[in-house]
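All remarks here apply to the structure that follows.
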Amino acid sequence: MTGEFSGKVALVTGGASGIGRETVRQFIAAGASVLVTDINETGGFALCEEIGQADRIRFFKLDVASEEAWETAMEFNRAVFGRLDILVNSAGIAISTPLEEMSLKEWQFQNSINLDGTFLGVKNAILEMKEKGGAIVNIASIAAEVGIFAAPGYCAGKAGVKNFTKAAALYCAQYGYKIRINAIMPGYIETPMVSGVLKQQGTPGTFGEKLRKLHPVGHFGQPEDIAAGILFAASDKAKFMTGSAIPIDGGYLAQ
């Protein structure tokens, strides 16, 4: 298989749906081999079967909040593909419980996925990549830059992802690891997670229309819009880019 990522191996978390799923598809189309990870076994195996190239795509059930699970995933990847060149930390959740009703357990669970999971992915990827280099792409959000009344915990976690990305990129540069680390900050994208948030608000039609109007382009983004940015950040075209947080948001943050 020839393509921009031919011979490269990517691990994508949250790969069974939404942005992660489309990222997997684009990496495969560009010649990469991909380890799809998710807690959703049904969706992960279905994607692998749909793509149908068993020599270049495999699924591993991964709870990104578990350090032991990450270590096992890396062992599995070494056994199957023998190397790791790219990590995409796409797994994430959004909980919209009103702030005064949100339990500490909900707060901690959300950030165990969004922030702790990103940390664990970066840590383990550095261990795999530091001898030969690689690229890491974390998924932050416009919520890293602005407050969203319905998602205070999500805002906190994604702000952490953004600044952790910068610090981790500088860490790798300081120690001479040829590992670039960047973040993508999506606006509202038509994914199952965003649909879930709209349903949690109780008035998805009205609330959804308000959210659309916050994007100057006049519509939500699609998973392929974000996946394209992820592939750019992971590619040699971005060889001079590290520690960046790139909005792909239909103009949301430009206002």
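Within each chain, counting starts at residue 1; across the structure tokens, chains are named A, B, ... in the order shown, with ligands numbered 1 upward in that order.
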
Task: Contact residues around A:Ile39 with only C-alpha atoms at 7 Å, ignoring same-chain residues under 3 positions, as a list of chain:residue names - done: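 Listing them by chain and then by number gives A:Lys61, A:Leu62, A:Asp63.
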
TODO: For A:Leu11, work out the shell of residues within 10 Å, counting only C-alpha atoms and skipping chain neighbours fewer than 5 positions away, then give it as a ChimeraX atom specification.
DONE: /A:24,33-37,57-60,73-74,77,84-89,121,125,136

Task: Pick from A:Thr72, A:Gln255, A:Thr191, A:Ser103, whichever lies nearest to A:Arg21 using only C-alpha atoms - done: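 Of A:Thr72, A:Gln255, A:Thr191, A:Ser103, the one nearest A:Arg21, counting only C-alpha atoms, is A:Thr191.
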
- [ ] Using only C-alpha atoms, determine which residues lie at most 10 Å from stretch 183-190 of chain A, disregarding the query and same-chain residues fewer than 3 positions distant; provide the list as a count of residues only.
- [x] 54

Open item on the list: So, with only C-alpha atoms as the atoms that count, which of A:Ile95, A:Cys155, A:Ile179, A:Trp107 lies closest to A:Lys130?
Closed with: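 Smallest distance to A:Lys130 is found for A:Ile179.
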
- [ ] DSSP on the backbone, then: every residue of stretch 52-220 of chain A marked strand (DSSP E or B), written as a PyMOL selection string.
- [x] chain A and resi 57-61+86-89+134-139+179-186+189

Output N, CA and C atoms for every residue in that selection, as a PDB file, in the first residue's frame.
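Saved to selection-v9.pdb:
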ATOM      1  N   ILE A  57      -5.268  -3.211  10.024  1.00  0.00           N
ATOM      2  CA  ILE A  57      -6.149  -2.652  11.044  1.00  0.00           C
ATOM      3  C   ILE A  57      -6.523  -3.733  12.044  1.00  0.00           C
ATOM      4  N   ARG A  58      -6.398  -3.389  13.308  1.00  0.00           N
ATOM      5  CA  ARG A  58      -6.784  -4.289  14.392  1.00  0.00           C
ATOM      6  C   ARG A  58      -7.493  -3.479  15.467  1.00  0.00           C
ATOM      7  N   PHE A  59      -8.272  -4.188  16.287  1.00  0.00           N
ATOM      8  CA  PHE A  59      -8.979  -3.529  17.386  1.00  0.00           C
ATOM      9  C   PHE A  59      -8.470  -4.041  18.721  1.00  0.00           C
ATOM     10  N   PHE A  60      -8.385  -3.109  19.691  1.00  0.00           N
ATOM     11  CA  PHE A  60      -8.026  -3.475  21.061  1.00  0.00           C
ATOM     12  C   PHE A  60      -8.942  -2.702  22.003  1.00  0.00           C
ATOM     13  N   LYS A  61      -9.598  -3.407  22.909  1.00  0.00           N
ATOM     14  CA  LYS A  61     -10.467  -2.744  23.879  1.00  0.00           C
ATOM     15  C   LYS A  61      -9.599  -2.033  24.913  1.00  0.00           C
ATOM     16  N   ILE A  86       2.498   7.152  15.480  1.00  0.00           N
ATOM     17  CA  ILE A  86       1.502   8.212  15.678  1.00  0.00           C
ATOM     18  C   ILE A  86       0.524   7.774  16.765  1.00  0.00           C
ATOM     19  N   LEU A  87       0.219   8.689  17.671  1.00  0.00           N
ATOM     20  CA  LEU A  87      -0.858   8.486  18.631  1.00  0.00           C
ATOM     21  C   LEU A  87      -1.868   9.610  18.469  1.00  0.00           C
ATOM     22  N   VAL A  88      -3.142   9.259  18.395  1.00  0.00           N
ATOM     23  CA  VAL A  88      -4.224  10.249  18.399  1.00  0.00           C
ATOM     24  C   VAL A  88      -5.092   9.986  19.622  1.00  0.00           C
ATOM     25  N   ASN A  89      -5.080  10.930  20.559  1.00  0.00           N
ATOM     26  CA  ASN A  89      -5.904  10.826  21.764  1.00  0.00           C
ATOM     27  C   ASN A  89      -7.256  11.457  21.490  1.00  0.00           C
ATOM     28  N   GLY A 134       8.294  10.468  16.493  1.00  0.00           N
ATOM     29  CA  GLY A 134       6.898  10.220  16.179  1.00  0.00           C
ATOM     30  C   GLY A 134       6.078  11.486  16.336  1.00  0.00           C
ATOM     31  N   ALA A 135       4.767  11.337  16.252  1.00  0.00           N
ATOM     32  CA  ALA A 135       3.847  12.469  16.369  1.00  0.00           C
ATOM     33  C   ALA A 135       2.658  12.074  17.233  1.00  0.00           C
ATOM     34  N   ILE A 136       2.268  12.996  18.092  1.00  0.00           N
ATOM     35  CA  ILE A 136       1.110  12.801  18.964  1.00  0.00           C
ATOM     36  C   ILE A 136       0.137  13.945  18.714  1.00  0.00           C
ATOM     37  N   VAL A 137      -1.130  13.601  18.564  1.00  0.00           N
ATOM     38  CA  VAL A 137      -2.166  14.613  18.377  1.00  0.00           C
ATOM     39  C   VAL A 137      -3.236  14.407  19.447  1.00  0.00           C
ATOM     40  N   ASN A 138      -3.414  15.405  20.283  1.00  0.00           N
ATOM     41  CA  ASN A 138      -4.440  15.365  21.323  1.00  0.00           C
ATOM     42  C   ASN A 138      -5.662  16.154  20.871  1.00  0.00           C
ATOM     43  N   ILE A 139      -6.827  15.680  21.241  1.00  0.00           N
ATOM     44  CA  ILE A 139      -8.049  16.403  20.902  1.00  0.00           C
ATOM     45  C   ILE A 139      -8.481  17.231  22.103  1.00  0.00           C
ATOM     46  N   ILE A 179       9.808  13.886  18.931  1.00  0.00           N
ATOM     47  CA  ILE A 179       8.370  13.639  19.042  1.00  0.00           C
ATOM     48  C   ILE A 179       7.659  14.986  19.055  1.00  0.00           C
ATOM     49  N   ARG A 180       6.816  15.206  18.068  1.00  0.00           N
ATOM     50  CA  ARG A 180       6.012  16.412  18.025  1.00  0.00           C
ATOM     51  C   ARG A 180       4.660  16.147  18.674  1.00  0.00           C
ATOM     52  N   ILE A 181       4.205  17.102  19.477  1.00  0.00           N
ATOM     53  CA  ILE A 181       2.916  16.950  20.150  1.00  0.00           C
ATOM     54  C   ILE A 181       2.095  18.205  19.915  1.00  0.00           C
ATOM     55  N   ASN A 182       0.937  18.043  19.316  1.00  0.00           N
ATOM     56  CA  ASN A 182       0.042  19.155  19.024  1.00  0.00           C
ATOM     57  C   ASN A 182      -1.387  18.805  19.432  1.00  0.00           C
ATOM     58  N   ALA A 183      -2.205  19.827  19.529  1.00  0.00           N
ATOM     59  CA  ALA A 183      -3.621  19.623  19.859  1.00  0.00           C
ATOM     60  C   ALA A 183      -4.501  20.237  18.780  1.00  0.00           C
ATOM     61  N   ILE A 184      -5.634  19.606  18.563  1.00  0.00           N
ATOM     62  CA  ILE A 184      -6.685  20.138  17.700  1.00  0.00           C
ATOM     63  C   ILE A 184      -7.841  20.569  18.605  1.00  0.00           C
ATOM     64  N   MET A 185      -8.402  21.752  18.333  1.00  0.00           N
ATOM     65  CA  MET A 185      -9.525  22.257  19.122  1.00  0.00           C
ATOM     66  C   MET A 185     -10.766  22.350  18.232  1.00  0.00           C
ATOM     67  N   PRO A 186     -11.568  21.295  18.193  1.00  0.00           N
ATOM     68  CA  PRO A 186     -12.776  21.336  17.364  1.00  0.00           C
ATOM     69  C   PRO A 186     -13.835  22.268  17.937  1.00  0.00           C
ATOM     70  N   ILE A 189     -19.058  19.479  16.510  1.00  0.00           N
ATOM     71  CA  ILE A 189     -18.996  18.545  15.395  1.00  0.00           C
ATOM     72  C   ILE A 189     -20.172  17.577  15.507  1.00  0.00           C
TER      73      ILE A 189
END

- [ ] Looking only at alpha helix (DSSP H) from DSSP on the backbone, list the matching residues of stretch 139-241 of chain A as a ChimeraX atom specification.
- [x] /A:152-174,192-200,204-213,223-234

Mind writing the picked residues with N, CA and C atoms as a compact mmCIF listing (two decimals), in the first residue's frame?
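Result went into again-v3.txt, see below:
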# COMPACT_ATOMS: atom_id res chain seq x y z
N PRO A 152 -19.10 22.71 32.46
CA PRO A 152 -17.96 23.22 33.23
C PRO A 152 -16.85 22.19 33.42
N GLY A 153 -17.22 20.95 33.67
CA GLY A 153 -16.20 19.91 33.85
C GLY A 153 -15.45 19.63 32.56
N TYR A 154 -16.18 19.63 31.46
CA TYR A 154 -15.56 19.42 30.15
C TYR A 154 -14.60 20.55 29.83
N CYS A 155 -15.01 21.79 30.13
CA CYS A 155 -14.14 22.94 29.90
C CYS A 155 -12.84 22.81 30.69
N ALA A 156 -12.95 22.41 31.93
CA ALA A 156 -11.77 22.27 32.78
C ALA A 156 -10.82 21.23 32.22
N GLY A 157 -11.37 20.08 31.83
CA GLY A 157 -10.52 19.01 31.30
C GLY A 157 -9.85 19.38 30.00
N LYS A 158 -10.59 20.00 29.09
CA LYS A 158 -10.02 20.32 27.79
C LYS A 158 -9.01 21.47 27.88
N ALA A 159 -9.21 22.40 28.81
CA ALA A 159 -8.18 23.41 29.05
C ALA A 159 -6.90 22.73 29.54
N GLY A 160 -7.06 21.71 30.38
CA GLY A 160 -5.91 20.95 30.83
C GLY A 160 -5.21 20.24 29.69
N VAL A 161 -5.98 19.66 28.78
CA VAL A 161 -5.40 18.98 27.62
C VAL A 161 -4.58 19.96 26.79
N LYS A 162 -5.12 21.15 26.58
CA LYS A 162 -4.40 22.14 25.76
C LYS A 162 -3.06 22.50 26.38
N ASN A 163 -3.05 22.85 27.65
CA ASN A 163 -1.79 23.29 28.25
C ASN A 163 -0.84 22.12 28.50
N PHE A 164 -1.39 20.95 28.79
CA PHE A 164 -0.54 19.76 28.92
C PHE A 164 0.15 19.46 27.59
N THR A 165 -0.55 19.64 26.49
CA THR A 165 0.04 19.43 25.16
C THR A 165 1.26 20.33 24.98
N LYS A 166 1.13 21.59 25.35
CA LYS A 166 2.24 22.52 25.21
C LYS A 166 3.43 22.10 26.07
N ALA A 167 3.15 21.75 27.33
CA ALA A 167 4.23 21.36 28.23
C ALA A 167 4.90 20.07 27.79
N ALA A 168 4.11 19.11 27.33
CA ALA A 168 4.67 17.83 26.89
C ALA A 168 5.50 18.00 25.63
N ALA A 169 5.06 18.90 24.74
CA ALA A 169 5.84 19.18 23.53
C ALA A 169 7.20 19.78 23.89
N LEU A 170 7.20 20.70 24.84
CA LEU A 170 8.46 21.30 25.27
C LEU A 170 9.34 20.28 25.98
N TYR A 171 8.72 19.40 26.73
CA TYR A 171 9.47 18.33 27.40
C TYR A 171 10.23 17.48 26.38
N CYS A 172 9.54 17.06 25.34
CA CYS A 172 10.18 16.22 24.33
C CYS A 172 11.30 16.98 23.61
N ALA A 173 11.06 18.25 23.32
CA ALA A 173 12.10 19.05 22.66
C ALA A 173 13.31 19.23 23.57
N GLN A 174 13.06 19.47 24.86
CA GLN A 174 14.15 19.68 25.82
C GLN A 174 15.07 18.46 25.91
N PRO A 192 -21.87 11.47 17.84
CA PRO A 192 -22.76 10.95 18.89
C PRO A 192 -22.61 11.69 20.21
N MET A 193 -21.39 12.14 20.55
CA MET A 193 -21.19 12.85 21.82
C MET A 193 -21.95 14.17 21.84
N VAL A 194 -21.86 14.94 20.77
CA VAL A 194 -22.57 16.22 20.71
C VAL A 194 -24.08 15.99 20.70
N SER A 195 -24.52 14.97 19.99
CA SER A 195 -25.96 14.64 20.00
C SER A 195 -26.43 14.32 21.41
N GLY A 196 -25.58 13.63 22.17
CA GLY A 196 -25.91 13.30 23.56
C GLY A 196 -26.03 14.53 24.43
N VAL A 197 -25.14 15.49 24.23
CA VAL A 197 -25.19 16.75 24.99
C VAL A 197 -26.49 17.49 24.69
N LEU A 198 -26.87 17.55 23.42
CA LEU A 198 -28.10 18.23 23.04
C LEU A 198 -29.31 17.57 23.71
N LYS A 199 -29.31 16.25 23.76
CA LYS A 199 -30.42 15.54 24.39
C LYS A 199 -30.46 15.81 25.89
N GLN A 200 -29.26 15.90 26.51
CA GLN A 200 -29.20 16.17 27.94
C GLN A 200 -29.79 17.54 28.28
N PRO A 204 -33.22 19.77 22.34
CA PRO A 204 -32.15 19.67 21.34
C PRO A 204 -32.35 20.54 20.12
N GLY A 205 -33.60 20.71 19.68
CA GLY A 205 -33.83 21.52 18.49
C GLY A 205 -33.47 22.98 18.71
N THR A 206 -34.04 23.57 19.75
CA THR A 206 -33.79 24.98 20.05
C THR A 206 -32.34 25.21 20.44
N PHE A 207 -31.83 24.40 21.35
CA PHE A 207 -30.45 24.56 21.81
C PHE A 207 -29.46 24.30 20.68
N GLY A 208 -29.76 23.29 19.87
CA GLY A 208 -28.88 22.98 18.75
C GLY A 208 -28.80 24.13 17.76
N GLU A 209 -29.93 24.80 17.52
CA GLU A 209 -29.93 25.94 16.60
C GLU A 209 -29.12 27.09 17.16
N LYS A 210 -29.19 27.32 18.47
CA LYS A 210 -28.38 28.35 19.10
C LYS A 210 -26.89 28.06 18.92
N LEU A 211 -26.53 26.79 19.09
CA LEU A 211 -25.12 26.42 18.94
C LEU A 211 -24.65 26.60 17.51
N ARG A 212 -25.48 26.24 16.55
CA ARG A 212 -25.10 26.43 15.14
C ARG A 212 -24.81 27.91 14.85
N LYS A 213 -25.61 28.78 15.42
CA LYS A 213 -25.44 30.21 15.15
C LYS A 213 -24.17 30.78 15.78
N PRO A 223 -17.06 15.08 11.20
CA PRO A 223 -15.86 14.38 11.65
C PRO A 223 -14.70 14.44 10.66
N GLU A 224 -15.00 14.43 9.36
CA GLU A 224 -13.92 14.47 8.37
C GLU A 224 -13.15 15.79 8.40
N ASP A 225 -13.82 16.87 8.85
CA ASP A 225 -13.12 18.16 8.96
C ASP A 225 -12.01 18.08 10.01
N ILE A 226 -12.30 17.43 11.11
CA ILE A 226 -11.32 17.31 12.19
C ILE A 226 -10.27 16.27 11.86
N ALA A 227 -10.70 15.17 11.26
CA ALA A 227 -9.74 14.12 10.89
C ALA A 227 -8.69 14.65 9.93
N ALA A 228 -9.09 15.51 9.01
CA ALA A 228 -8.13 16.09 8.07
C ALA A 228 -7.07 16.90 8.80
N GLY A 229 -7.49 17.65 9.82
CA GLY A 229 -6.53 18.42 10.61
C GLY A 229 -5.62 17.52 11.42
N ILE A 230 -6.16 16.43 11.93
CA ILE A 230 -5.35 15.47 12.69
C ILE A 230 -4.26 14.87 11.80
N LEU A 231 -4.65 14.46 10.60
CA LEU A 231 -3.66 13.87 9.69
C LEU A 231 -2.59 14.88 9.31
N PHE A 232 -2.97 16.13 9.12
CA PHE A 232 -1.96 17.14 8.84
C PHE A 232 -0.97 17.26 10.00
N ALA A 233 -1.49 17.37 11.22
CA ALA A 233 -0.62 17.53 12.38
C ALA A 233 0.29 16.33 12.59
N ALA A 234 -0.15 15.15 12.16
CA ALA A 234 0.64 13.93 12.31
C ALA A 234 1.63 13.73 11.17

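Using only C-alpha atoms, the smallest distance between any of A:Cys48, A:Ile148, A:Val64, A:Leu127 and A:Phe109 comes from A:Val64.
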
TODO: Pick out the closest residue to A:Val80 from this set: A:Arg25, A:Lys239, A:Arg56, A:Lys178. Count only C-alpha atoms.
DONE: A:Arg56

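Note that atom CA of A:Thr118 and atom CA of A:Glu67 are 11.1 Å apart.
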